[in-house]
$ cat final.cif   # mmCIF, C-alpha atoms
data_query
loop_
_atom_site.label_atom_id
_atom_site.label_comp_id
_atom_site.auth_asym_id
_atom_site.auth_seq_id
_atom_site.Cartn_x
_atom_site.Cartn_y
_atom_site.Cartn_z
CA MET A 30 -41.03 -11.07 -1.60
CA ALA A 31 -39.53 -9.89 1.69
CA LYS A 32 -41.73 -7.63 3.81
CA LEU A 33 -41.34 -5.67 7.04
CA TYR A 34 -44.11 -5.42 9.65
CA ARG A 35 -44.55 -3.74 13.01
CA HIS A 36 -44.40 -6.22 15.86
CA LYS A 37 -46.32 -5.67 19.10
CA VAL A 38 -43.52 -6.98 21.32
CA HIS A 39 -40.21 -7.01 19.44
CA GLY A 40 -40.50 -3.82 17.37
CA TRP A 41 -40.23 -5.06 13.79
CA GLN A 42 -40.68 -8.39 12.04
CA LEU A 43 -39.04 -9.34 8.76
CA ASN A 44 -40.68 -12.04 6.61
CA TYR A 45 -38.80 -13.48 3.62
CA THR A 46 -38.79 -16.67 1.56
CA LEU A 47 -35.94 -19.05 0.71
CA TYR A 48 -36.21 -20.70 -2.72
CA TYR A 49 -34.30 -23.99 -2.87
CA PRO A 50 -32.85 -25.61 -6.03
CA ASP A 51 -35.27 -28.56 -5.69
CA GLY A 52 -38.25 -26.20 -6.11
CA THR A 53 -39.30 -26.07 -2.46
CA GLU A 54 -39.88 -22.81 -0.59
CA ARG A 55 -39.62 -21.95 3.09
CA ILE A 56 -40.71 -18.78 4.86
CA ARG A 57 -38.30 -17.36 7.40
CA TYR A 58 -38.92 -14.76 10.16
CA ARG A 59 -36.60 -12.33 11.93
CA THR A 60 -37.50 -9.80 14.63
CA LEU A 61 -35.49 -6.63 15.28
CA ARG A 62 -35.72 -3.77 17.75
CA ARG A 63 -34.65 -0.82 15.58
CA LYS A 64 -36.31 0.23 12.34
CA GLY A 65 -33.03 1.28 10.72
CA GLU A 66 -31.45 -2.12 11.34
CA ALA A 67 -34.63 -3.82 10.14
CA GLY A 68 -34.61 -1.74 6.95
CA ASP A 69 -31.00 -2.70 6.18
CA LEU A 70 -31.77 -6.37 6.72
CA LEU A 71 -34.86 -6.07 4.49
CA GLU A 72 -32.61 -5.04 1.59
CA GLU A 73 -30.32 -8.00 2.27
CA ALA A 74 -33.28 -10.38 2.40
CA GLU A 75 -34.63 -9.07 -0.92
CA ARG A 76 -31.22 -9.54 -2.51
CA LEU A 77 -31.05 -13.09 -1.09
CA GLU A 78 -34.47 -13.94 -2.52
CA ARG A 79 -33.54 -12.67 -6.00
CA LYS A 80 -30.32 -14.67 -6.06
CA CYS A 81 -32.05 -17.81 -4.84
CA ILE A 82 -34.73 -17.53 -7.56
CA ARG A 83 -32.07 -17.05 -10.26
CA GLY A 84 -29.78 -19.73 -8.85
CA GLU A 85 -26.96 -17.16 -8.57
CA LEU A 86 -26.14 -17.54 -4.87
CA SER A 87 -22.35 -17.66 -4.52
CA ARG A 88 -20.26 -18.95 -1.63
CA GLN A 89 -19.51 -15.34 -0.69
CA ASP A 90 -23.26 -14.53 -0.67
CA ALA A 91 -23.99 -17.60 1.46
CA LEU A 92 -21.27 -16.64 3.94
CA ARG A 93 -22.58 -13.10 4.21
CA CYS A 94 -26.21 -14.15 4.70
CA GLN A 95 -25.17 -16.79 7.21
CA ARG A 96 -23.27 -14.15 9.19
CA LEU A 97 -26.27 -11.80 9.08
CA GLY A 98 -28.47 -14.56 10.45
CA LEU A 99 -30.69 -14.79 7.37
CA ILE A 100 -29.83 -18.44 6.72
CA SER A 101 -28.49 -21.31 8.82
CA THR A 102 -25.57 -23.62 8.02
CA ASP A 103 -28.04 -26.20 6.73
CA ASP A 104 -29.77 -23.57 4.57
CA ALA A 105 -26.42 -22.55 3.13
CA ALA A 106 -25.60 -26.16 2.29
CA ALA A 107 -28.96 -26.61 0.55
CA LEU A 108 -28.90 -23.30 -1.32
CA TYR A 109 -25.24 -23.23 -2.31
CA GLY A 110 -24.83 -26.96 -2.78
CA ALA A 111 -22.16 -27.48 -0.12
CA ALA A 112 -21.64 -26.64 3.52
CA VAL A 113 -20.33 -23.09 3.91
CA GLU A 114 -17.88 -22.88 6.79
CA PRO A 115 -16.63 -19.56 8.19
CA ILE A 116 -13.25 -18.49 6.81
CA THR A 117 -10.31 -19.33 9.10
CA LEU A 118 -7.15 -17.32 9.66
CA ASP A 119 -5.14 -20.21 8.25
CA SER A 120 -6.99 -19.90 4.94
CA LEU A 121 -6.52 -16.13 4.89
CA ALA A 122 -2.82 -16.51 5.73
CA ARG A 123 -2.27 -18.89 2.81
CA THR A 124 -3.92 -16.44 0.41
CA LEU A 125 -1.91 -13.49 1.75
CA LEU A 126 1.42 -15.33 1.57
CA ALA A 127 0.72 -16.62 -1.93
CA ASP A 128 0.32 -13.01 -3.09
CA SER A 129 3.35 -11.92 -1.05
CA ARG A 130 5.56 -14.52 -2.74
CA VAL A 131 4.71 -13.06 -6.15
CA GLU A 132 4.65 -9.36 -5.29
CA ASN A 133 7.65 -8.98 -2.94
CA ARG A 134 11.36 -9.65 -2.99
CA ALA A 135 12.52 -12.80 -1.19
CA LYS A 136 13.67 -11.05 1.99
CA THR A 137 10.40 -9.12 2.36
CA HIS A 138 8.39 -12.29 1.79
CA GLU A 139 10.43 -14.04 4.47
CA SER A 140 9.59 -11.23 6.92
CA ASN A 141 5.91 -11.47 5.99
CA GLU A 142 5.96 -15.22 6.64
CA TYR A 143 7.47 -14.68 10.09
CA ARG A 144 4.88 -12.02 11.03
CA VAL A 145 1.98 -14.15 9.82
CA GLN A 146 3.24 -17.20 11.74
CA THR A 147 3.54 -15.04 14.87
CA LEU A 148 -0.10 -13.98 14.46
CA LEU A 149 -1.30 -17.54 13.90
CA ALA A 150 0.58 -18.76 16.98
CA TRP A 151 -1.37 -16.27 19.11
CA PHE A 152 -4.83 -16.32 17.53
CA GLY A 153 -4.83 -19.95 16.35
CA ARG A 154 -5.00 -21.28 12.80
CA GLU A 155 -8.63 -22.40 13.11
CA ARG A 156 -9.82 -19.08 14.54
CA THR A 157 -12.50 -17.68 12.23
CA ALA A 158 -12.32 -14.15 10.91
CA ASN A 159 -15.80 -13.23 12.15
CA THR A 160 -14.83 -13.85 15.79
CA ILE A 161 -11.96 -11.35 15.95
CA THR A 162 -12.72 -8.07 17.71
CA GLU A 163 -10.89 -4.80 18.39
CA GLU A 164 -10.28 -6.00 21.96
CA ASP A 165 -8.54 -9.12 20.60
CA VAL A 166 -6.21 -6.96 18.52
CA LYS A 167 -5.37 -4.72 21.50
CA GLU A 168 -4.76 -7.77 23.68
CA TYR A 169 -2.37 -9.15 21.06
CA ARG A 170 -0.45 -5.87 20.95
CA ALA A 171 -0.11 -5.77 24.73
CA HIS A 172 1.19 -9.34 24.72
CA ARG A 173 3.77 -8.66 21.99
CA LEU A 174 5.11 -5.53 23.68
CA GLN A 175 6.08 -7.71 26.66
CA CYS A 176 8.05 -10.17 24.49
CA VAL A 177 11.82 -10.21 24.01
CA PRO A 178 13.23 -10.83 20.49
CA VAL A 179 14.08 -14.51 19.95
CA ASN A 180 17.70 -13.76 19.04
CA ASP A 181 18.20 -11.26 21.84
CA ARG A 182 17.18 -13.07 25.02
CA ARG A 183 19.91 -11.56 27.21
CA SER A 184 19.52 -7.92 26.26
CA GLY A 185 16.35 -7.20 28.20
CA ARG A 186 14.99 -5.32 25.16
CA HIS A 187 11.37 -5.91 24.24
CA ILE A 188 9.67 -6.07 20.87
CA THR A 189 9.38 -2.50 19.59
CA PRO A 190 6.11 -0.73 18.73
CA ALA A 191 7.28 -0.53 15.11
CA THR A 192 7.52 -4.33 14.94
CA VAL A 193 4.08 -4.76 16.52
CA ASN A 194 2.57 -2.26 14.06
CA LYS A 195 3.95 -4.29 11.15
CA GLU A 196 2.46 -7.48 12.56
CA VAL A 197 -0.96 -5.87 13.09
CA ASN A 198 -0.77 -4.55 9.54
CA LYS A 199 -0.48 -8.15 8.31
CA LEU A 200 -3.59 -9.00 10.34
CA CYS A 201 -5.36 -6.03 8.71
CA GLN A 202 -4.46 -7.37 5.27
CA MET A 203 -5.70 -10.86 6.16
CA LEU A 204 -9.01 -9.50 7.43
CA ASP A 205 -9.31 -7.30 4.32
CA ILE A 206 -9.40 -10.53 2.31
CA ALA A 207 -12.19 -11.81 4.56
CA LEU A 208 -14.03 -8.52 4.02
CA THR A 209 -13.89 -8.81 0.23
CA ARG A 210 -15.20 -12.38 0.50
CA GLY A 211 -18.16 -11.27 2.57
CA ALA A 212 -17.08 -13.21 5.67
CA ILE A 213 -17.11 -10.00 7.76
CA ASP A 214 -18.76 -6.63 7.23
CA ARG A 215 -15.99 -4.55 8.84
CA ASN A 216 -12.31 -5.00 9.59
CA PRO A 217 -11.81 -4.59 13.37
CA ALA A 218 -8.02 -4.29 13.04
CA ARG A 219 -8.45 -1.14 10.92
CA SER A 220 -10.20 0.56 13.82
CA VAL A 221 -7.19 0.16 16.13
CA ARG A 222 -4.84 3.13 15.94
CA PRO A 223 -1.15 2.24 15.37
CA LEU A 224 1.19 2.41 18.33
CA LYS A 225 3.39 5.46 18.54
CA GLU A 226 6.81 4.47 17.23
CA ASP A 227 10.14 5.62 18.63
CA LEU A 228 11.63 7.76 15.86
CA GLY A 229 14.59 8.89 17.94
CA ARG A 230 16.96 6.29 16.50
CA LEU A 231 19.06 7.89 13.78
CA PRO A 232 21.38 6.26 11.23
CA ARG A 233 25.05 6.34 12.22
CA ALA A 234 27.66 7.76 9.84
CA LEU A 235 31.46 7.55 10.06
CA SER A 236 33.52 10.69 10.58
CA ARG A 237 36.50 11.36 8.28
CA ASP A 238 38.87 10.13 11.00
CA GLU A 239 36.87 6.91 11.40
CA VAL A 240 36.88 6.38 7.64
CA ALA A 241 40.68 6.71 7.58
CA ARG A 242 41.05 4.21 10.46
CA LEU A 243 38.72 1.76 8.74
CA LEU A 244 40.63 1.90 5.44
CA ASP A 245 43.99 1.57 7.18
CA ALA A 246 42.71 -1.49 9.02
CA ALA A 247 41.33 -2.99 5.79
CA ALA A 248 44.79 -2.73 4.23
CA THR A 249 46.16 -5.04 6.94
CA PHE A 250 43.90 -7.91 5.81
CA PRO A 251 45.40 -9.06 2.50
CA GLU A 252 43.66 -12.45 2.80
CA LEU A 253 40.12 -11.01 3.00
CA LEU A 254 37.70 -10.62 0.07
CA GLY A 255 40.02 -11.81 -2.65
CA LYS A 256 42.86 -9.59 -1.40
CA ARG A 257 40.76 -6.50 -2.13
CA ALA A 258 39.29 -5.67 1.29
CA ARG A 259 40.37 -2.01 1.22
CA ASP A 260 39.20 -1.52 -2.37
CA ILE A 261 35.79 -3.02 -1.58
CA MET A 262 35.37 -0.78 1.49
CA MET A 263 36.17 2.20 -0.78
CA LEU A 264 33.55 1.04 -3.29
CA TYR A 265 30.88 0.85 -0.59
CA LEU A 266 31.82 4.30 0.76
CA TYR A 267 31.82 6.03 -2.65
CA THR A 268 28.75 4.36 -4.19
CA GLY A 269 26.43 3.98 -1.19
CA MET A 270 25.29 0.60 -2.52
CA ARG A 271 23.47 -1.83 -0.29
CA ARG A 272 25.33 -5.03 0.58
CA GLU A 273 23.79 -7.24 -2.13
CA GLU A 274 23.82 -4.51 -4.77
CA LEU A 275 27.62 -4.38 -4.91
CA ILE A 276 28.05 -8.14 -4.61
CA MET A 277 25.65 -8.72 -7.53
CA GLN A 278 26.87 -5.80 -9.70
CA ARG A 279 27.55 -6.89 -13.30
CA TRP A 280 30.05 -5.46 -15.77
CA GLU A 281 27.33 -4.92 -18.38
CA ASP A 282 25.91 -2.19 -16.12
CA VAL A 283 29.24 -0.40 -15.65
CA ASP A 284 30.06 2.41 -18.11
CA LEU A 285 33.67 3.40 -17.38
CA PRO A 286 34.05 6.07 -20.12
CA ALA A 287 30.92 7.86 -18.83
CA ARG A 288 31.85 7.08 -15.19
CA LYS A 289 28.38 5.65 -14.50
CA ILE A 290 27.03 2.52 -12.82
CA ARG A 291 23.49 1.29 -13.39
CA ILE A 292 21.99 -0.42 -10.35
CA GLN A 293 19.11 -2.63 -11.42
CA GLY A 294 15.81 -2.86 -9.57
CA ASP A 295 15.80 -6.67 -9.79
CA LEU A 296 19.01 -8.66 -9.45
CA GLU A 297 19.72 -12.21 -10.55
CA GLY A 298 19.80 -15.04 -8.07
CA GLY A 299 16.70 -13.90 -6.19
CA TRP A 300 18.26 -10.69 -4.87
CA SER A 301 16.64 -7.30 -5.31
CA PRO A 302 17.17 -3.85 -3.75
CA LYS A 303 14.98 -2.93 -0.80
CA ALA A 304 12.82 -0.45 -2.76
CA ARG A 305 13.23 -2.32 -6.09
CA LYS A 306 14.16 0.98 -7.72
CA ALA A 307 16.68 1.03 -10.56
CA ARG A 308 19.03 4.01 -10.54
CA VAL A 309 22.26 5.36 -12.03
CA ILE A 310 25.13 6.55 -9.82
CA GLY A 311 28.48 8.11 -10.66
CA ILE A 312 31.96 6.62 -10.37
CA ALA A 313 33.90 9.10 -8.21
CA ARG A 314 37.47 9.99 -9.23
CA GLN A 315 38.72 8.34 -6.03
CA ILE A 316 37.42 4.90 -7.03
CA GLU A 317 37.86 5.15 -10.81
CA PRO A 318 41.31 3.43 -10.68
CA ILE A 319 39.86 0.70 -8.44
CA VAL A 320 37.05 -0.10 -10.89
CA GLU A 321 39.49 -0.04 -13.81
CA SER A 322 41.84 -2.45 -12.03
CA LEU A 323 39.18 -5.07 -11.31
CA PRO A 324 39.79 -8.13 -13.54
CA LYS A 325 37.06 -8.84 -16.07
CA LEU A 326 36.98 -12.62 -15.59
CA GLY A 327 33.21 -13.02 -15.90
CA PRO A 328 29.88 -11.18 -15.71
CA TYR A 329 30.27 -10.03 -12.08
CA MET A 330 32.28 -6.93 -11.23
CA LEU A 331 33.49 -8.63 -8.05
CA GLY A 332 34.35 -12.28 -8.50
CA GLY A 333 34.09 -13.04 -12.20
CA GLU A 334 32.03 -16.06 -13.24
CA SER A 335 30.32 -16.16 -9.84
CA ILE A 336 29.86 -13.66 -7.02
CA LEU A 337 32.89 -13.01 -4.80
CA CYS A 338 31.13 -14.11 -1.60
CA ASN A 339 27.71 -14.38 -0.05
CA PRO A 340 26.26 -11.35 1.79
CA GLU A 341 26.91 -12.70 5.29
CA SER A 342 30.57 -13.36 4.46
CA MET A 343 30.88 -9.73 3.35
CA SER A 344 29.43 -8.59 6.68
CA ARG A 345 31.80 -10.86 8.63
CA ALA A 346 34.75 -9.37 6.77
CA PHE A 347 33.60 -5.87 7.67
CA ARG A 348 33.26 -6.80 11.34
CA ALA A 349 36.85 -8.09 11.39
CA ILE A 350 38.08 -4.83 9.86
CA ARG A 351 35.93 -2.75 12.23
CA ASP A 352 37.32 -4.51 15.28
CA LYS A 353 40.90 -4.10 13.98
CA ALA A 354 40.25 -0.36 13.59
CA LYS A 355 38.85 -0.25 17.16
CA LEU A 356 35.57 1.25 15.98
CA PRO A 357 32.30 0.78 17.93
CA ARG A 358 30.86 -2.72 17.66
CA SER A 359 27.44 -1.22 16.91
CA LEU A 360 28.67 -0.32 13.41
CA SER A 361 27.75 -2.59 10.50
CA LEU A 362 28.55 -2.76 6.81
CA HIS A 363 25.39 -0.72 6.21
CA THR A 364 27.07 2.15 8.10
CA LEU A 365 29.15 2.79 4.97
CA ARG A 366 25.92 3.48 3.08
CA HIS A 367 24.83 5.86 5.86
CA THR A 368 28.20 7.60 5.54
CA TYR A 369 27.81 8.03 1.75
CA ILE A 370 24.35 9.60 2.14
CA THR A 371 25.30 11.85 5.07
CA HIS A 372 28.41 13.25 3.43
CA LEU A 373 26.53 13.97 0.18
CA ILE A 374 24.05 16.05 2.18
CA GLU A 375 26.91 17.79 4.03
CA ARG A 376 28.40 18.79 0.67
CA GLY A 377 25.13 20.49 -0.28
CA VAL A 378 23.68 17.93 -2.71
CA ASN A 379 19.94 18.47 -3.17
CA LEU A 380 17.82 16.11 -1.05
CA LYS A 381 15.78 14.86 -4.03
CA ARG A 382 19.03 14.03 -5.82
CA VAL A 383 20.33 12.19 -2.76
CA GLN A 384 17.05 10.29 -2.52
CA TYR A 385 17.50 9.11 -6.10
CA LEU A 386 21.16 8.15 -5.67
CA ALA A 387 20.38 6.22 -2.48
CA GLY A 388 17.37 4.47 -4.02
CA HIS A 389 15.02 5.54 -1.23
CA ALA A 390 11.32 5.01 -1.92
CA ARG A 391 10.32 8.02 0.22
CA ILE A 392 11.94 11.41 0.73
CA SER A 393 11.19 11.10 4.46
CA THR A 394 13.82 8.35 4.67
CA THR A 395 16.43 10.67 3.17
CA GLU A 396 15.39 13.54 5.43
CA ARG A 397 16.38 11.53 8.51
CA TYR A 398 20.02 11.96 7.50
CA THR A 399 19.81 15.74 7.79
CA HIS A 400 20.00 15.28 11.56
CA LEU A 401 23.51 13.87 11.16
CA VAL A 402 24.89 16.85 9.27
CA SER A 403 27.37 18.96 11.24
CA THR A 404 25.78 22.07 12.76
CA ASP A 405 29.00 23.95 13.56
CA GLU A 406 28.18 26.60 10.95
CA VAL A 407 25.84 29.45 11.94
CA VAL A 408 23.58 29.24 8.91
CA GLU A 409 22.13 32.67 9.67
CA ASP A 410 25.48 34.12 8.52
CA ARG A 411 24.33 33.39 4.98
CA LEU A 412 21.53 35.97 5.27
CA ALA A 413 22.12 39.24 3.44
CA PHE A 414 19.24 41.69 3.66
#
$ encode --input "final.cif" --output "structure tokens"
Amino acid sequence: MAKLYRHKVHGWQLNYTLYYPDGTERIRYRTLRRKGEAGDLLEEAERLERKCIRGELSRQDALRCQRLGLISTDDAAALYGAAVEPITLDSLARTLLADSRVENRAKTHESNEYRVQTLLAWFGRERTANTITEEDVKEYRAHRLQCVPVNDRRSGRHITPATVNKEVNKLCQMLDIALTRGAIDRNPARSVRPLKEDLGRLPRALSRDEVARLLDAAATFPELLGKRARDIMMLYLYTGMRREELIMQRWEDVDLPARKIRIQGDLEGGWSPKARKARVIGIARQIEPIVESLPKLGPYMLGGESILCNPESMSRAFRAIRDKAKLPRSLSLHTLRHTYITHLIERGVNLKRVQYLAGHARISTTERYTHLVSTDEVVEDRLAF
């Protein structure tokens, strides 16, 4: 069995034996400077010997022992039965994306694919997990912070720290897979602190005057969205649904007598809400006549047998209405959802209730909207001691 001896020159010497499947044995030697390191390697050598004797050496064991220097590539091939090559980033990426395809909604998986491909373009597909260091991760971050988004070449804006953090997180997850397989003994990306993100960007909500201008402009587009452009803008404003949620809404989830709409956590056609959280929202008195007037020509609330339009067409329609109303071009269809949430908070609705109605996964997301609430009132006037 493995033994540890004092060495006159090198400090400590580790002797251990490799037992091959053909019955042959070979003694191996390792010298180490520090006793603590030598003691740790002694335990690994004893474990290697036991597994060799029992014929239980796995690929993961062979990889780990090869990385620790206890066996060579040839030893691994003889003991395991096949050459054991270090795990590449390409292999880790394929494993990560296979899990992502099953666990995430389509849009999230698409984002994960893009981030992983960005990492592979920098590090290289054949780069092995055991060669990546903390310095490599920091160098990657510095490079990415100097890049300009592909679809925004003329703006002069660079990739944000938040985007870089998400990419590094994908690298962390890939290296976590390598860690569980024994290819590395620590994840260097986990030791790199995330970049400080700019949290100063707040969601934009429409004022009452802007809402009125938007609705007036929508009424001047009878050809848009099945001649119901104004009604659809009202539905977005009074339900706070995300773009796809309203497009994919089905009549079976609308309860007109109870004035309730169930928004499902998984929608048909590959769509699903961002947080995949089902919820129930109310039908406000202002939109009750609109919902009642929608023709029931099929399963979908808008459209009938099929959806009224695809999500991008809905966004294009909003942009046409926005420009007609002479509202800032920075506004998007999602601004109507921001308006719904902000005005609920302004009317004193409890934050936890707003979180539920909005379908936010975290209360911190809802709390960001409190910064948009009007501060004209001196809240101290409510004190009465």
$ resolve_selection --input "final.cif" --expression "the PyMOL selection byres ((chain A and resi 328) around 12)" --output "PyMOL selection string"
chain A and resi 276-283+297+323-327+329-337
$ closest_residue --input "final.cif" --among "A:Glu142, A:Glu168, A:Asp352, A:Asp295" --to "Arg242 (chain A)" --atoms "all atoms listed in the file"
A:Asp352
$ closest_residue --input "final.cif" --among "A:Leu285, A:Leu204, A:Met30, A:Ala91" --to "Asp103 (chain A)" --atoms "only C-alpha atoms"
A:Ala91
$ atom_distance --input "final.cif" --atom1 "CA of Met270 (chain A)" --atom2 "CA of Leu373 (chain A)"
13.7 Å
$ resolve_selection --input "final.cif" --expression "the PyMOL selection byres ((chain A and resi 311) around 10)" --output "list in words"
Tyr267, Thr268, Val283, Asp284, Leu285, Ala287, Arg288, Lys289, Ile290, Arg291, Val309, Ile310, Ile312, Ala313, Arg314, Glu317 and Leu386 of chain A
$ resolve_selection --input "final.cif" --expression "the PyMOL selection byres ((chain A and resi 71) around 9)" --output "number ranges by chain"
A: 31-33, 43-45, 66-70, 72-76
$ atom_distance --input "final.cif" --atom1 "CA of Gln384 (chain A)" --atom2 "CA of Arg366 (chain A)"
12.5 Å
$ closest_residue --input "final.cif" --among "A:Asn194, A:Asn141, A:Ser236, A:Gln146" --to "Arg219 (chain A)" --atoms "all atoms listed in the file"
A:Asn194
$ atom_distance --input "final.cif" --atom1 "CA of Thr394 (chain A)" --atom2 "CA of Leu174 (chain A)"
25.1 Å
$ residues_near_point --input "final.cif" --point "(38.8, -1.4, -6.2)" --cutoff "9 Å" --atoms "all atoms listed in the file" --output "list in words"
Arg257, Ala258, Arg259, Asp260, Ile261, Met262, Met263, Leu264, Ile316, Glu317, Pro318, Ile319, Val320, Glu321, Ser322 and Leu323 of chain A
$ residues_near_point --input "final.cif" --point "(-9.6, -17.5, 11.4)" --cutoff "6 Å" --atoms "only C-alpha atoms" --output "list in words"
Ile116, Thr117, Leu118, Glu155, Arg156, Thr157 and Ala158 of chain A
$ write_last_selection --input "final.cif" --atoms "C-alpha atoms" --output "PDB file, keeping the file's coordinate frame"
ATOM      1  CA  ILE A 116     -13.250 -18.490   6.810  1.00  0.00           C
ATOM      2  CA  THR A 117     -10.310 -19.330   9.100  1.00  0.00           C
ATOM      3  CA  LEU A 118      -7.150 -17.320   9.660  1.00  0.00           C
ATOM      4  CA  GLU A 155      -8.630 -22.400  13.110  1.00  0.00           C
ATOM      5  CA  ARG A 156      -9.820 -19.080  14.540  1.00  0.00           C
ATOM      6  CA  THR A 157     -12.500 -17.680  12.230  1.00  0.00           C
ATOM      7  CA  ALA A 158     -12.320 -14.150  10.910  1.00  0.00           C
TER       8      ALA A 158
END
$ residues_around --input "final.cif" --residues "Ser344 (chain A)" --least-positions-apart "4" --cutoff "9 Å" --atoms "all atoms listed in the file" --output "PyMOL selection string"
chain A and resi 272+340+348-349+361-363
$ write_last_selection --input "final.cif" --atoms "C-alpha atoms" --output "PDB file, in the frame of the given file"
ATOM      1  CA  ARG A 272      25.330  -5.030   0.580  1.00  0.00           C
ATOM      2  CA  PRO A 340      26.260 -11.350   1.790  1.00  0.00           C
ATOM      3  CA  ARG A 348      33.260  -6.800  11.340  1.00  0.00           C
ATOM      4  CA  ALA A 349      36.850  -8.090  11.390  1.00  0.00           C
ATOM      5  CA  SER A 361      27.750  -2.590  10.500  1.00  0.00           C
ATOM      6  CA  LEU A 362      28.550  -2.760   6.810  1.00  0.00           C
ATOM      7  CA  HIS A 363      25.390  -0.720   6.210  1.00  0.00           C
TER       8      HIS A 363
END
$ residues_around --input "final.cif" --residues "Val166 (chain A)" --least-positions-apart "2" --cutoff "10 Å" --atoms "only C-alpha atoms" --output "JSON, numbers by chain"
{"A": [152, 161, 162, 163, 164, 168, 169, 170, 171, 172, 197, 200, 201, 217, 218, 219, 220, 221]}
